[in-house]
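> Sharing final08.cif here; it has mmCIF, C-alpha atoms and all ligand atoms.
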data_upload
#
loop_
_atom_site.label_atom_id
_atom_site.label_comp_id
_atom_site.auth_asym_id
_atom_site.auth_seq_id
_atom_site.Cartn_x
_atom_site.Cartn_y
_atom_site.Cartn_z
CA MET A 1 -40.04 69.22 -167.38
CA PRO A 2 -41.13 65.64 -168.17
CA LEU A 3 -39.25 63.38 -170.60
CA ASP A 4 -40.57 63.86 -174.15
CA LEU A 5 -39.25 61.45 -176.75
CA SER A 6 -41.87 62.41 -179.33
CA GLN A 7 -39.46 64.85 -181.00
CA LEU A 8 -36.74 62.24 -181.59
CA PRO A 9 -36.74 60.88 -185.15
CA ARG A 10 -36.23 57.24 -186.05
CA THR A 11 -32.64 56.88 -187.27
CA VAL A 12 -32.85 54.20 -189.97
CA TRP A 13 -35.73 52.25 -191.52
CA PHE A 14 -36.50 50.03 -194.51
CA ASP A 15 -39.55 50.81 -196.55
CA ALA A 16 -41.10 50.79 -200.01
CA ASP A 17 -41.49 54.12 -201.80
CA ALA A 18 -45.18 55.08 -201.98
CA ALA A 19 -44.72 56.33 -205.57
CA ASP A 20 -42.85 53.54 -207.34
CA GLY A 21 -42.92 50.71 -204.79
CA ALA A 22 -39.12 50.38 -204.83
CA TYR A 23 -37.46 49.59 -201.51
CA GLY A 24 -35.06 52.02 -199.87
CA VAL A 25 -33.00 52.28 -196.71
CA TYR A 26 -34.06 55.61 -195.21
CA LEU A 27 -31.83 57.41 -192.75
CA ILE A 28 -31.41 60.76 -191.05
CA ASP A 29 -28.28 62.38 -192.49
CA GLN A 30 -26.26 62.84 -189.29
CA THR A 31 -23.49 64.75 -191.05
CA ARG A 32 -25.91 67.65 -191.42
CA LEU A 33 -27.56 67.72 -188.01
CA PRO A 34 -28.51 69.88 -186.24
CA LEU A 35 -28.85 72.62 -188.88
CA GLN A 36 -30.32 70.28 -191.49
CA GLY A 37 -31.92 66.94 -190.73
CA ASP A 38 -32.54 65.57 -194.19
CA VAL A 39 -33.81 62.06 -194.69
CA LEU A 40 -31.62 60.23 -197.22
CA CYS A 41 -33.07 57.40 -199.22
CA CYS A 42 -30.49 54.82 -200.34
CA ARG A 43 -31.61 52.60 -203.19
CA THR A 44 -28.36 50.62 -203.52
CA LEU A 45 -25.87 48.78 -201.35
CA GLU A 46 -23.24 51.28 -202.44
CA GLY A 47 -25.49 54.11 -201.26
CA VAL A 48 -25.71 52.61 -197.75
CA GLU A 49 -21.96 51.93 -197.79
CA THR A 50 -21.30 55.60 -198.60
CA ALA A 51 -23.67 56.68 -195.83
CA VAL A 52 -21.78 54.45 -193.37
CA LYS A 53 -18.33 55.68 -194.43
CA SER A 54 -19.36 59.34 -194.35
CA LEU A 55 -21.08 58.87 -190.93
CA ALA A 56 -24.48 59.91 -192.30
CA LEU A 57 -25.43 56.65 -190.55
CA ARG A 58 -23.34 56.07 -187.44
CA GLY A 59 -23.27 54.59 -183.94
CA ALA A 60 -22.68 50.88 -183.43
CA PRO A 61 -26.28 49.61 -183.00
CA ALA A 62 -27.59 51.79 -185.85
CA LEU A 63 -24.80 50.45 -188.04
CA GLY A 64 -25.86 46.89 -187.21
CA VAL A 65 -29.45 47.52 -188.24
CA GLY A 66 -28.36 49.49 -191.32
CA ALA A 67 -25.98 46.74 -192.46
CA ALA A 68 -28.75 44.13 -192.29
CA MET A 69 -31.03 46.47 -194.23
CA ALA A 70 -28.33 46.99 -196.87
CA VAL A 71 -28.26 43.24 -197.48
CA ALA A 72 -32.05 43.13 -197.94
CA LEU A 73 -31.81 46.20 -200.17
CA TYR A 74 -29.29 44.48 -202.43
CA SER A 75 -31.56 41.43 -202.54
CA GLU A 76 -34.59 43.50 -203.58
CA ASN A 77 -33.10 46.16 -205.86
CA GLU A 78 -29.87 44.79 -207.31
CA SER A 79 -29.48 41.03 -207.25
CA PRO A 80 -30.25 39.69 -210.73
CA ALA A 81 -30.54 36.12 -209.36
CA THR A 82 -33.48 34.02 -210.45
CA ALA A 83 -32.32 30.86 -208.67
CA THR A 84 -31.92 30.48 -204.92
CA ASP A 85 -28.26 29.38 -204.97
CA GLU A 86 -27.29 32.41 -207.08
CA TRP A 87 -29.27 34.64 -204.73
CA LEU A 88 -27.44 33.25 -201.70
CA LYS A 89 -24.09 33.97 -203.36
CA ASP A 90 -25.23 37.56 -203.95
CA ILE A 91 -26.36 37.80 -200.33
CA ASP A 92 -22.96 36.54 -199.12
CA ARG A 93 -21.13 39.11 -201.25
CA ALA A 94 -23.41 41.97 -200.14
CA ALA A 95 -23.05 41.02 -196.46
CA GLY A 96 -19.25 40.80 -196.75
CA ARG A 97 -19.04 44.18 -198.44
CA ILE A 98 -21.25 46.18 -196.06
CA GLY A 99 -19.79 44.36 -193.03
CA ARG A 100 -16.34 45.72 -193.91
CA ALA A 101 -17.41 49.34 -194.53
CA ARG A 102 -15.98 50.45 -191.17
CA PRO A 103 -13.65 48.30 -189.07
CA THR A 104 -14.16 49.04 -185.37
CA ALA A 105 -17.86 48.71 -184.53
CA VAL A 106 -18.47 44.97 -184.49
CA ASN A 107 -22.22 45.53 -184.84
CA LEU A 108 -21.76 46.35 -188.52
CA ALA A 109 -20.46 42.87 -189.37
CA TRP A 110 -22.88 41.38 -186.80
CA GLY A 111 -25.93 42.94 -188.53
CA ALA A 112 -24.73 41.91 -191.99
CA GLU A 113 -24.12 38.37 -190.73
CA ARG A 114 -27.57 38.16 -189.14
CA ALA A 115 -29.21 39.05 -192.45
CA ARG A 116 -26.92 36.64 -194.32
CA ALA A 117 -27.63 33.78 -191.92
CA PHE A 118 -31.36 34.47 -192.01
CA ALA A 119 -31.35 34.37 -195.84
CA HIS A 120 -29.67 30.95 -195.77
CA GLU A 121 -32.20 29.66 -193.23
CA ALA A 122 -35.12 31.04 -195.25
CA ALA A 123 -33.77 29.41 -198.42
CA ALA A 124 -33.36 26.12 -196.58
CA GLN A 125 -37.12 26.08 -195.90
CA GLY A 126 -37.50 25.05 -199.54
CA GLY A 127 -40.12 27.67 -200.50
CA SER A 128 -39.90 29.99 -203.50
CA LEU A 129 -37.14 32.57 -203.96
CA ALA A 130 -39.79 35.31 -203.78
CA SER A 131 -40.97 34.12 -200.35
CA ALA A 132 -37.38 33.95 -199.03
CA LYS A 133 -36.76 37.50 -200.24
CA GLN A 134 -39.96 38.75 -198.64
CA ALA A 135 -39.07 37.01 -195.38
CA LEU A 136 -35.67 38.76 -195.41
CA VAL A 137 -37.38 42.15 -195.76
CA ALA A 138 -39.64 41.40 -192.78
CA PHE A 139 -36.60 40.19 -190.80
CA VAL A 140 -34.56 43.38 -191.24
CA GLN A 141 -37.59 45.55 -190.47
CA GLN A 142 -38.04 43.59 -187.24
CA MET A 143 -34.36 44.18 -186.37
CA ALA A 144 -35.06 47.91 -185.99
CA ALA A 145 -37.94 47.18 -183.59
CA ASP A 146 -35.78 44.67 -181.68
CA ASP A 147 -33.01 47.24 -181.35
CA GLU A 148 -35.40 49.68 -179.69
CA ALA A 149 -36.59 46.98 -177.28
CA THR A 150 -32.97 46.12 -176.46
CA ASN A 151 -32.16 49.77 -175.77
CA ARG A 152 -35.18 50.20 -173.53
CA ALA A 153 -33.99 47.18 -171.52
CA ILE A 154 -30.48 48.68 -171.28
CA GLY A 155 -32.13 51.90 -170.11
CA ALA A 156 -34.12 50.14 -167.39
CA ASN A 157 -31.10 48.13 -166.18
CA GLY A 158 -28.83 51.18 -166.15
CA ALA A 159 -31.33 53.49 -164.46
CA ALA A 160 -31.23 51.25 -161.40
CA LEU A 161 -27.55 52.24 -160.97
CA ILE A 162 -28.18 55.99 -161.07
CA MET A 163 -28.57 57.82 -157.77
CA PRO A 164 -31.26 60.52 -157.35
CA GLY A 165 -29.97 64.00 -158.22
CA SER A 166 -27.20 62.67 -160.49
CA ARG A 167 -25.15 64.77 -162.82
CA VAL A 168 -23.86 62.44 -165.51
CA LEU A 169 -21.21 62.96 -168.15
CA THR A 170 -21.32 61.37 -171.59
CA HIS A 171 -19.12 61.30 -174.68
CA CYS A 172 -19.84 61.10 -178.39
CA ASN A 173 -23.44 60.15 -179.18
CA ALA A 174 -24.67 56.90 -177.69
CA GLY A 175 -28.19 58.19 -178.03
CA SER A 176 -31.26 57.51 -180.07
CA LEU A 177 -29.36 58.66 -183.18
CA GLY A 178 -26.66 56.02 -182.63
CA THR A 179 -29.29 53.28 -182.51
CA ALA A 180 -32.51 52.56 -184.37
CA TYR A 181 -34.28 54.43 -181.54
CA PHE A 182 -33.89 55.36 -177.82
CA GLY A 183 -30.13 54.92 -177.34
CA THR A 184 -27.79 53.01 -175.07
CA ALA A 185 -25.94 55.41 -172.72
CA LEU A 186 -28.61 58.05 -173.39
CA GLY A 187 -31.21 55.29 -173.06
CA VAL A 188 -30.04 55.01 -169.45
CA VAL A 189 -30.23 58.81 -169.13
CA TYR A 190 -33.79 58.86 -170.53
CA ALA A 191 -34.96 56.04 -168.24
CA ALA A 192 -33.28 57.56 -165.16
CA PHE A 193 -34.52 61.08 -165.98
CA ASP A 194 -38.04 59.68 -166.32
CA GLN A 195 -37.63 58.31 -162.79
CA GLY A 196 -36.60 61.79 -161.58
CA LYS A 197 -32.98 60.81 -160.92
CA VAL A 198 -31.01 62.89 -163.44
CA GLU A 199 -30.37 66.52 -162.63
CA GLN A 200 -28.22 67.28 -165.65
CA VAL A 201 -26.04 65.81 -168.38
CA TRP A 202 -22.58 67.06 -169.35
CA SER A 203 -21.94 66.34 -173.03
CA CYS A 204 -18.34 66.38 -174.28
CA GLU A 205 -18.15 67.97 -177.73
CA THR A 206 -16.19 64.96 -179.06
CA ARG A 207 -13.61 66.31 -181.48
CA PRO A 208 -12.96 65.93 -184.32
CA LEU A 209 -16.50 65.33 -185.65
CA ASN A 210 -18.38 66.82 -182.72
CA GLN A 211 -21.01 64.13 -182.29
CA GLY A 212 -21.51 65.41 -178.72
CA ALA A 213 -21.90 69.04 -179.74
CA ARG A 214 -24.03 68.38 -182.82
CA LEU A 215 -26.05 65.28 -181.93
CA THR A 216 -26.10 64.53 -178.20
CA VAL A 217 -27.12 67.95 -176.95
CA TRP A 218 -29.62 68.18 -179.85
CA GLU A 219 -31.42 65.06 -178.79
CA LEU A 220 -31.18 65.79 -175.06
CA MET A 221 -32.71 69.24 -175.58
CA ARG A 222 -35.49 67.77 -177.74
CA ALA A 223 -36.20 65.22 -175.02
CA GLY A 224 -36.33 67.91 -172.35
CA VAL A 225 -33.28 66.67 -170.41
CA PRO A 226 -31.20 69.52 -168.90
CA CYS A 227 -27.72 69.43 -170.42
CA ALA A 228 -24.59 71.47 -170.91
CA LEU A 229 -21.94 71.21 -173.57
CA ILE A 230 -18.27 71.17 -172.65
CA ALA A 231 -15.12 70.92 -174.75
CA ASP A 232 -13.37 67.58 -174.31
CA SER A 233 -10.54 69.36 -172.48
CA MET A 234 -12.95 70.54 -169.75
CA ALA A 235 -13.93 67.10 -168.46
CA ALA A 236 -11.14 66.99 -165.85
CA SER A 237 -12.11 70.37 -164.52
CA VAL A 238 -15.83 69.56 -164.06
CA MET A 239 -14.93 66.27 -162.38
CA ALA A 240 -12.38 67.97 -160.10
CA GLN A 241 -15.10 70.35 -158.91
CA GLY A 242 -17.29 67.42 -157.88
CA TRP A 243 -19.90 68.09 -160.55
CA VAL A 244 -20.05 64.58 -162.05
CA ASP A 245 -21.69 61.62 -160.29
CA ALA A 246 -21.43 59.03 -163.08
CA VAL A 247 -19.92 58.66 -166.56
CA LEU A 248 -22.08 56.85 -169.14
CA VAL A 249 -20.70 55.91 -172.55
CA GLY A 250 -21.59 53.53 -175.37
CA ALA A 251 -19.30 50.99 -177.04
CA ASP A 252 -18.24 49.88 -180.48
CA ARG A 253 -16.62 46.58 -179.52
CA ILE A 254 -16.26 44.83 -176.17
CA CYS A 255 -13.67 42.03 -176.00
CA ALA A 256 -13.94 38.77 -174.06
CA ASN A 257 -11.95 40.28 -171.15
CA GLY A 258 -14.12 43.43 -171.04
CA ASP A 259 -11.68 45.81 -172.80
CA THR A 260 -13.88 48.24 -174.73
CA ALA A 261 -13.41 50.32 -177.87
CA ASN A 262 -15.44 53.51 -178.03
CA LYS A 263 -15.10 56.96 -179.55
CA ILE A 264 -11.66 58.53 -179.23
CA GLY A 265 -11.45 60.32 -175.88
CA THR A 266 -13.30 57.65 -173.90
CA LEU A 267 -10.04 56.26 -172.44
CA GLY A 268 -9.11 59.66 -171.05
CA LEU A 269 -12.52 59.99 -169.39
CA ALA A 270 -12.18 56.53 -167.83
CA LEU A 271 -8.77 57.44 -166.39
CA LEU A 272 -10.18 60.66 -164.99
CA ALA A 273 -13.20 58.86 -163.54
CA LYS A 274 -10.89 56.39 -161.79
CA HIS A 275 -8.86 59.26 -160.34
CA TYR A 276 -11.94 61.04 -159.01
CA ALA A 277 -13.68 57.79 -157.89
CA ILE A 278 -16.62 58.35 -160.22
CA PRO A 279 -18.42 55.21 -161.51
CA PHE A 280 -17.76 54.61 -165.20
CA TYR A 281 -20.51 52.66 -166.98
CA VAL A 282 -20.33 51.23 -170.51
CA CYS A 283 -23.86 50.78 -171.88
CA ALA A 284 -24.19 48.53 -174.93
CA PRO A 285 -26.21 45.66 -176.37
CA THR A 286 -24.78 42.16 -176.18
CA SER A 287 -24.33 42.36 -179.98
CA THR A 288 -21.38 44.67 -179.27
CA ILE A 289 -19.55 41.90 -177.37
CA ASP A 290 -16.95 40.18 -179.53
CA ARG A 291 -15.88 37.00 -177.77
CA THR A 292 -13.51 36.16 -180.63
CA LEU A 293 -11.09 38.84 -179.41
CA ALA A 294 -9.33 38.03 -176.14
CA ASP A 295 -8.41 41.62 -175.34
CA GLY A 296 -8.42 45.15 -176.68
CA SER A 297 -5.03 44.96 -178.39
CA ALA A 298 -6.67 43.04 -181.25
CA ILE A 299 -9.42 45.59 -181.97
CA PRO A 300 -8.95 47.22 -185.39
CA ILE A 301 -8.98 50.97 -184.93
CA GLU A 302 -10.37 53.05 -187.77
CA GLN A 303 -8.07 55.81 -189.03
CA ARG A 304 -9.98 58.65 -190.67
CA ASP A 305 -9.29 61.43 -193.15
CA SER A 306 -6.81 64.06 -191.95
CA ARG A 307 -9.21 66.83 -193.04
CA GLU A 308 -11.47 65.98 -190.09
CA LEU A 309 -8.74 67.29 -187.80
CA ALA A 310 -7.13 69.88 -190.06
CA GLY A 311 -10.28 71.95 -190.31
CA PHE A 312 -13.98 71.93 -189.62
CA THR A 313 -17.11 71.42 -191.67
CA ALA A 314 -20.18 73.56 -191.39
CA SER A 315 -23.52 73.21 -193.07
CA GLY A 316 -26.90 74.82 -192.75
CA LEU A 317 -29.56 76.91 -194.41
CA ILE A 318 -29.34 80.52 -195.50
CA THR A 319 -32.67 82.33 -195.58
CA PRO A 320 -31.94 85.81 -196.97
CA ASP A 321 -34.15 88.47 -195.43
CA ASP A 322 -33.68 91.03 -198.18
CA ALA A 323 -34.37 90.91 -201.92
CA VAL A 324 -30.84 91.88 -202.99
CA SER A 325 -29.26 88.95 -201.13
CA ALA A 326 -31.92 86.57 -202.46
CA GLN A 327 -31.18 87.71 -206.02
CA ALA A 328 -27.46 87.20 -205.46
CA PHE A 329 -28.00 83.63 -204.24
CA ASP A 330 -30.43 82.98 -207.11
CA ALA A 331 -27.81 84.11 -209.62
CA LEU A 332 -25.14 81.97 -207.93
CA THR A 333 -27.26 78.84 -208.05
CA ALA A 334 -29.01 79.40 -211.37
CA GLN A 335 -27.13 76.48 -212.98
CA GLY A 336 -27.51 74.17 -209.95
CA ASP A 337 -25.26 73.68 -206.91
CA ARG A 338 -22.26 76.00 -206.94
CA GLU A 339 -18.89 75.05 -205.43
CA ILE A 340 -16.77 77.98 -204.34
CA CYS A 341 -13.13 77.20 -203.57
CA PHE A 342 -10.98 79.55 -201.55
CA LYS A 343 -7.26 79.74 -200.91
CA ALA A 344 -5.83 77.00 -198.63
CA GLY A 345 -8.47 74.44 -199.53
CA HIS A 346 -11.48 76.11 -197.92
CA ARG A 347 -14.56 75.36 -199.97
CA VAL A 348 -18.26 76.06 -199.73
CA SER A 349 -20.98 74.57 -201.85
CA ILE A 350 -24.26 76.44 -202.14
CA GLY A 351 -27.52 75.00 -203.46
CA ARG A 352 -31.21 75.77 -203.51
CA LYS A 353 -33.47 74.19 -200.97
CA GLY A 354 -37.13 75.10 -201.03
CA GLY A 355 -37.27 78.87 -200.64
CA ALA A 356 -33.84 78.95 -198.99
CA TYR A 357 -30.23 78.06 -199.86
CA SER A 358 -28.20 75.26 -198.32
CA PHE A 359 -24.49 75.62 -197.67
CA ASP A 360 -21.84 73.01 -196.98
CA GLY A 361 -18.33 74.08 -196.21
CA TRP A 362 -14.94 72.80 -195.16
CA PHE A 363 -12.59 75.35 -193.63
CA GLN A 364 -8.96 74.60 -192.96
CA THR A 365 -7.71 75.73 -189.56
CA THR A 366 -4.16 74.35 -189.70
CA PRO A 367 -1.14 75.00 -191.88
CA SER A 368 -1.48 73.12 -195.18
CA GLN A 369 0.06 69.64 -195.31
CA VAL A 370 0.41 69.32 -191.52
CA PRO A 371 0.91 65.63 -190.65
CA VAL A 372 -2.18 64.40 -188.82
CA TYR A 373 -2.93 61.32 -186.68
CA ASN A 374 -6.71 60.76 -186.58
CA PRO A 375 -7.83 57.50 -184.95
CA ALA A 376 -11.61 57.41 -184.52
CA PHE A 377 -11.63 55.14 -181.43
CA ASP A 378 -9.58 54.22 -178.39
CA VAL A 379 -9.64 51.21 -176.09
CA THR A 380 -10.53 51.45 -172.41
CA PRO A 381 -9.10 48.57 -170.37
CA ALA A 382 -11.63 46.55 -168.40
CA ASN A 383 -10.11 47.55 -165.07
CA LEU A 384 -11.25 51.16 -165.60
CA ILE A 385 -14.88 50.13 -166.22
CA THR A 386 -17.17 49.88 -163.20
CA SER A 387 -19.91 47.89 -164.99
CA LEU A 388 -21.18 46.91 -168.40
CA VAL A 389 -24.89 47.64 -168.76
CA THR A 390 -26.57 45.36 -171.31
CA GLU A 391 -30.13 44.37 -172.13
CA ASP A 392 -29.55 41.13 -170.22
CA GLY A 393 -28.30 42.74 -167.05
CA VAL A 394 -25.36 44.54 -165.45
CA TYR A 395 -21.97 42.81 -165.44
CA ARG A 396 -18.55 43.42 -164.05
CA PRO A 397 -16.37 43.60 -167.20
CA ASP A 398 -13.96 40.96 -165.91
CA ARG A 399 -16.91 38.57 -165.35
CA LEU A 400 -18.26 38.68 -168.92
CA GLY A 401 -17.58 35.01 -169.50
O1 LIG B 501 -17.80 57.24 -185.28
P1 LIG B 501 -19.17 57.04 -184.66
O2 LIG B 501 -19.94 58.31 -184.54
O3 LIG B 501 -19.93 55.93 -185.34
O4 LIG B 501 -18.83 56.54 -183.19
C1 LIG B 501 -19.89 56.22 -182.32
C2 LIG B 501 -19.48 55.88 -180.95
O5 LIG B 501 -18.33 55.76 -180.61
C3 LIG B 501 -20.59 55.59 -179.99
O6 LIG B 501 -20.25 55.96 -178.71
C4 LIG B 501 -20.91 54.09 -180.00
O7 LIG B 501 -21.01 53.60 -181.30
C5 LIG B 501 -22.16 53.79 -179.27
S1 LIG B 501 -23.62 54.37 -180.18
C6 LIG B 501 -24.98 53.90 -179.28
#
Output the structure of this file as structure tokens.

Amino acid sequence: MPLDLSQLPRTVWFDADAADGAYGVYLIDQTRLPLQGDVLCCRTLEGVETAVKSLALRGAPALGVGAAMAVALYSENESPATATDEWLKDIDRAAGRIGRARPTAVNLAWGAERARAFAHEAAAQGGSLASAKQALVAFVQQMAADDEATNRAIGANGAALIMPGSRVLTHCNAGSLGTAYFGTALGVVYAAFDQGKVEQVWSCETRPLNQGARLTVWELMRAGVPCALIADSMAASVMAQGWVDAVLVGADRICANGDTANKIGTLGLALLAKHYAIPFYVCAPTSTIDRTLADGSAIPIEQRDSRELAGFTASGLITPDDAVSAQAFDALTAQGDREICFKAGHRVSIGRKGGAYSFDGWFQTTPSQVPVYNPAFDVTPANLITSLVTEDGVYRPDRLG
């Protein structure tokens, strides 16, 4: 089957509403994929911030583009400034706020800073405030296109490292959904598959939020790339059987010495790959490199809500196939969305959606009040990384400088 990227949606874009002309940051709600793939429209900086914190928008490069767009959104929809110096102060505040929404992926602060710096440069041109604002809009829209071009270059550079007939293993989602389009680690997969070199992809489920199980296999299947899902605990076993020829992962922050933060579980895969002499490639844009940090010990690691580990969320659509069930759901949702709480904190919310009903649930799977440790990322030391694949070329991690 040939590669088919036509079924992959854009992840995040900035556009004016056809009806009222107001700008919005549009994004695919990744908390609901694959069962629902709603497009969210954020009209405020706070809306984008909430999307970032909830992981509706996620993945380091996508966060960078989204952060820049949030700054332009604040400029267009919320800043009351009528003078350029007031506008620049608003821009600085907006960039600082969105840049801090999550701590580990450096691209978030990088994207916010790019928009902030561009606004200052545009203002320095001495034109009108309106022209500076319009230029900022065009700039952040171009960032999404640039991100795709960067990922395609990463894909081409990485594909050269992949041997024909390869079975590759990946973790989390470093795919099109984690970028504006195309992906980093999966960008390499797509480019190599297109060259006939990839036989199959192993996707780790990536507990606790299952980006591998929900997002990576979804996009690989849409693209026509053969894949199989495994639980994180199965990686050692598939490697031991000789079924993995390369490990490809993305990155959230790469330090000056090559130490790399990525989704929790990446470190374990790197240790396994070393043991089984499997090449371990980190695929990321140069915007993920943070030369201000000497090594991985200084990377801030995001700690997330204990409920992510103490239970699971499920969401989807219910389409009743008999009239009695449909009537029951109609009655339940007659006054709008209905939240049903069960014993032990389980809860399901049910709403109407077109001719069907949407459900969103959180189900506790542990004893109540269990202490939980839930870091979202870990740090892989440079000496476990075979190469860093960037848009500029392929580097040994200890030769980044
Ligand atoms: O918490 P997430 O889903 O934002 O974590 C994402 C990852 O760790 C990805 O592997 C990384 O950002 C690369 S995305 C191209």
> Around all the atoms of range 171-182 of chain A listed in the file, with 6 Å of room on each side, what axis-aligned box do you get, giving centre and edge lengths in Å to one decimal, as JSON?

{"center_x": -26.7, "center_y": 56.9, "center_z": -179.5, "size_x": 27.2, "size_y": 20.7, "size_z": 21.7}
> Between A:Ala382, A:Ile350, A:Val137, A:Met234, single out the one closest to Ile318 in chain A, counting all atoms listed in the file.
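With all atoms listed in the file as the atom set, the closest residue is A:Ile350.
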> May I ask which of the residues A:Pro80, A:Gly316, A:Pro375, A:Gly224 is the closest one to Gly37 in chain A, counting only C-alpha atoms?
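Among the listed residues, A:Gly316 lies closest to Gly37 in chain A.
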> Which residue, A:Leu400, A:Ala132, A:Val348, A:Ala105, has the smallest gap to ligand LIG 501 (chain B) when you use all atoms listed in the file?
A:Ala105
> In Å, with one decimal, what is the gap from CA of Glu302 in chain A to CA of Ala174 in chain A?
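Taking CA of Glu302 in chain A as the start and CA of Ala174 in chain A as the end point, the length is 17.9 Å.
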> Can you list, as a list in words, every protein, DNA or RNA residue that comes within 10 Å of Pro300 in chain A when you count only C-alpha atoms, leaving out same-chain residues fewer than 4 positions away?
Arg102, Pro103, Thr104, Ala105, Val106, Arg253, Ala261, Gly296, Phe377 and Asp378 of chain A
> What gap, in Å, lies between CA of Ile230 in chain A and CA of Leu209 in chain A?
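Rounded to one decimal, the two atoms are 14.4 Å apart.
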> For Gln125 in chain A, which residue among A:Ile278, A:Thr84, A:Gly354, A:Thr50 is the nearest when counting all atoms listed in the file?
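Looking only at the distances to Gln125 in chain A, the closest residue turns out to be A:Thr84.
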> Point out the residue among A:Ala124, A:Val168, A:Val370, A:Ala101 with the least atom-to-atom distance to ligand LIG 501 (chain B), counting only C-alpha atoms and all ligand atoms.
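Among the listed residues, A:Ala101 lies closest to ligand LIG 501 (chain B).
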> Measuring between all atoms listed in the file, which one of A:Met143, A:Ala68, A:Leu33, A:Val282 shows the shortest distance to His171 in chain A?
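The answer is A:Val282, which sits nearest to His171 in chain A.
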> Using all atoms listed in the file, which residues have at least one atom no more than 8 Å from ligand LIG 501 (chain B)? Output them as a ChimeraX atom specification.
/A:55,57-63,105,171-179,183-185,209,211,249-252,261-264,284,376-377
> How would you write as a list in words the residues that get within 9 Å of (-19.6, 44.0, -175.2) in the file's frame, counting all atoms listed in the file?
Ala251, Asp252, Arg253, Ile254, Cys255, Ala256, Gly258, Asp259, Thr260, Val282, Cys283, Ala284, Pro285, Thr286, Ser287, Thr288, Ile289, Asp290, Arg291, Leu388, Thr390, Pro397 and Leu400 of chain A
> Distance cut-off 9 Å, centre (-13.7, 68.3, -175.9) in file coordinates, counting all atoms listed in the file: which residues qualify? Return them as a list in words.
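Residues satisfying the cut-off, written out: His171, Ser203, Cys204, Glu205, Thr206, Arg207, Pro208, Asn210, Gly212, Ile230, Ala231, Asp232, Ser233, Met234, Ala235 and Gly265 of chain A.
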> Just to confirm, what's the straight-line distance from CA of Leu272 in chain A to CA of Ser166 in chain A in Å (one decimal)?
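Going from CA of Leu272 in chain A over to CA of Ser166 in chain A covers 17.7 Å.
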> Which residues, written as a list in words, have at least one atom at most 12 Å from Gln134 in chain A, with all atoms listed in the file counted and residues fewer than 5 positions away on the same chain left out?
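So the residues in contact are Tyr23, Ala72, Leu73, Ser75, Glu76, Phe118, Ala119, Ala122, Ala123, Gly127, Ser128, Leu129, Phe139, Val140 and Gln141 of chain A.
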> Excluding Asp337 in chain A and any residue of its chain fewer than 2 positions from it, enumerate the residues within 8 Å of it, using all atoms listed in the file, and give them as a VMD selection string.
chain A and resid 333 335 339 349 to 352
> I want to know what sits within 9 Å of Val372 in chain A, based on all atoms listed in the file, with residues of the same chain fewer than 5 positions away left out; could you give that as a list in words?
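My list of contacting residues is Asp305, Ser306, Arg307, Leu309 and Ala310 of chain A.
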